[in-house]
Amino acid sequence: MTTPLTSLWRDFLCLFFQRPKRLQVAALCYRGAGSDMEVLLVTSRDTGRWIIPKGWPINGLQTSEAALQEAWEEAGVRNSNAPSEPIGTYTYDKVMRAGLPVPVETLVYPVKVKETSCDFPEAHERKRKWVSPETAADLVREGELKDILRQMTNLFTQNAQQG
């Protein structure tokens, strides 16, 4: 039986507690191919957990260009390109400075790394390491990102055969 209070909650009040997802962009930096493929992980600044470079969209840049900017700032990736379309998305709750979680949808752009630098903007704040996609999937927390990483070798092999 639906009561007026239940209807009020369902139709109106629960909307106050639902927050729209915010958008972030991420660079899935990789080198090699097939069984020799490796991906580049960096540590987050706050918790030190392993992530891929990501951040908020940047005014004046396409989302793929903003992902490349994040790859430079957080991992020292230089002179690389990203396609205009993401290879996938993942969601997570980002805890903001006020302590409140905000749902985030992250567009993931593959970046074939041509060059890295040891001197990049966040070098003193982060660690980075190259690992296999399977190892990367074991190290990151986000379930959908784990799936993207585990499918990466197959996805890139199929794309290379088609292109």
# chains A, B, ... in the order shown; residues from 1 in each chain; ligands from 1
>>> select_by_dssp(residues="stretch 30-160 of chain A", states="helix (DSSP H, G or I)", output="JSON, numbers by chain")
{"A": [34, 35, 36, 63, 64, 65, 66, 67, 68, 69, 70, 71, 72, 73, 74, 75, 133, 134, 135, 136, 137, 138, 139, 143, 144, 145, 146, 147, 148, 149, 150, 151, 152, 153, 154, 155, 156, 157, 158, 159, 160]}
>>> write_last_selection(atoms="C-alpha atoms", output="tab-separated table (two decimals), in the first residue's frame")
chain	number	residue	atom	x	y	z
A	34	GLY	CA	49.72	-8.40	-27.64
A	35	SER	CA	51.32	-10.32	-24.80
A	36	ASP	CA	54.05	-7.64	-24.54
A	63	THR	CA	37.90	15.59	-23.93
A	64	SER	CA	40.58	13.48	-25.65
A	65	GLU	CA	42.97	16.45	-25.53
A	66	ALA	CA	42.21	16.96	-21.84
A	67	ALA	CA	43.04	13.27	-21.24
A	68	LEU	CA	46.42	13.84	-22.92
A	69	GLN	CA	47.00	16.86	-20.67
A	70	GLU	CA	46.31	14.68	-17.62
A	71	ALA	CA	48.73	12.04	-18.95
A	72	TRP	CA	51.42	14.73	-19.12
A	73	GLU	CA	50.72	16.31	-15.72
A	74	GLU	CA	50.29	13.07	-13.76
A	75	ALA	CA	52.56	10.61	-15.60
A	133	PRO	CA	46.93	-5.02	-18.33
A	134	GLU	CA	46.01	-8.03	-16.15
A	135	THR	CA	48.25	-6.83	-13.30
A	136	ALA	CA	46.84	-3.31	-13.70
A	137	ALA	CA	43.31	-4.74	-13.41
A	138	ASP	CA	44.32	-6.39	-10.14
A	139	LEU	CA	45.76	-3.11	-8.78
A	143	GLY	CA	35.26	-2.64	-11.32
A	144	GLU	CA	34.46	-1.18	-14.74
A	145	LEU	CA	38.08	-0.03	-15.16
A	146	LYS	CA	39.23	-3.56	-14.24
A	147	ASP	CA	37.03	-4.85	-17.08
A	148	ILE	CA	38.47	-2.35	-19.59
A	149	LEU	CA	42.00	-3.33	-18.61
A	150	ARG	CA	41.27	-7.06	-18.87
A	151	GLN	CA	39.75	-6.60	-22.34
A	152	MET	CA	42.50	-4.29	-23.55
A	153	THR	CA	44.80	-6.79	-25.24
A	154	ASN	CA	41.90	-8.33	-27.20
A	155	LEU	CA	40.45	-4.94	-28.09
A	156	PHE	CA	43.72	-3.62	-29.50
A	157	THR	CA	44.48	-6.85	-31.36
A	158	GLN	CA	41.05	-6.68	-33.06
A	159	ASN	CA	41.50	-2.99	-33.94
A	160	ALA	CA	44.95	-3.62	-35.43
>>> closest_atom_pairs(of="stretch 24-100 of chain A", to="stretch 106-120 of chain A", cutoff="9 Å", atoms="only C-alpha atoms", output="tab-separated table")
residue	atom	partner	partner_atom	distance
A:Gln24	CA	A:Thr106	CA	4.6
A:Val25	CA	A:Leu107	CA	4.8
A:Ala26	CA	A:Val108	CA	4.8
A:Ala27	CA	A:Tyr109	CA	5.1
A:Leu28	CA	A:Pro110	CA	4.7
A:Cys29	CA	A:Val111	CA	4.6
A:Tyr30	CA	A:Lys112	CA	5.2
A:Arg31	CA	A:Val113	CA	5.7
A:Gly32	CA	A:Lys112	CA	8.5
A:Lys54	CA	A:Thr106	CA	8.0
A:Gly55	CA	A:Thr106	CA	8.6
A:Thr63	CA	A:Leu107	CA	8.2
A:Ser64	CA	A:Tyr109	CA	6.4
A:Ala67	CA	A:Tyr109	CA	6.9
A:Leu68	CA	A:Val111	CA	7.6
A:Ala71	CA	A:Val111	CA	8.6
A:Trp72	CA	A:Phe120	CA	6.8
A:Glu73	CA	A:Phe120	CA	5.9
A:Glu74	CA	A:Phe120	CA	7.4
A:Ala75	CA	A:Phe120	CA	7.2
A:Gly76	CA	A:Ser117	CA	4.9
A:Val77	CA	A:Thr116	CA	4.5
A:Arg78	CA	A:Glu115	CA	5.3
A:Asn79	CA	A:Glu115	CA	6.3
A:Ser80	CA	A:Val113	CA	5.6
A:Asn81	CA	A:Val111	CA	6.0
A:Ala82	CA	A:Val111	CA	5.0
A:Pro83	CA	A:Tyr109	CA	6.9
A:Ser84	CA	A:Tyr109	CA	8.0
A:Glu85	CA	A:Tyr109	CA	7.0
A:Pro86	CA	A:Tyr109	CA	4.5
A:Ile87	CA	A:Tyr109	CA	5.9
A:Gly88	CA	A:Val108	CA	5.4
A:Thr89	CA	A:Leu107	CA	4.6
A:Tyr90	CA	A:Thr106	CA	5.3
A:Thr91	CA	A:Thr106	CA	6.0
A:Tyr92	CA	A:Thr106	CA	8.1
>>> select_by_dssp(residues="stretch 101-160 of chain A", states="strand (DSSP E)", output="PyMOL selection string")
chain A and resi 101-112+115-116+128-131
>>> atom_distance(atom1="atom CA of A:Thr43", atom2="atom CA of A:Gln62")
24.8 Å
>>> residues_around(residues="A:Val95", least_positions_apart="5", cutoff="12 Å", atoms="only C-alpha atoms", output="JSON, numbers by chain")
{"A": [46, 47, 100, 101, 102, 103, 104]}
>>> atom_distance(atom1="atom CA of A:Glu105", atom2="atom CA of A:Pro53")
14.2 Å
>>> atom_distance(atom1="atom CA of A:Trp130", atom2="atom CA of A:Ala33")
13.4 Å
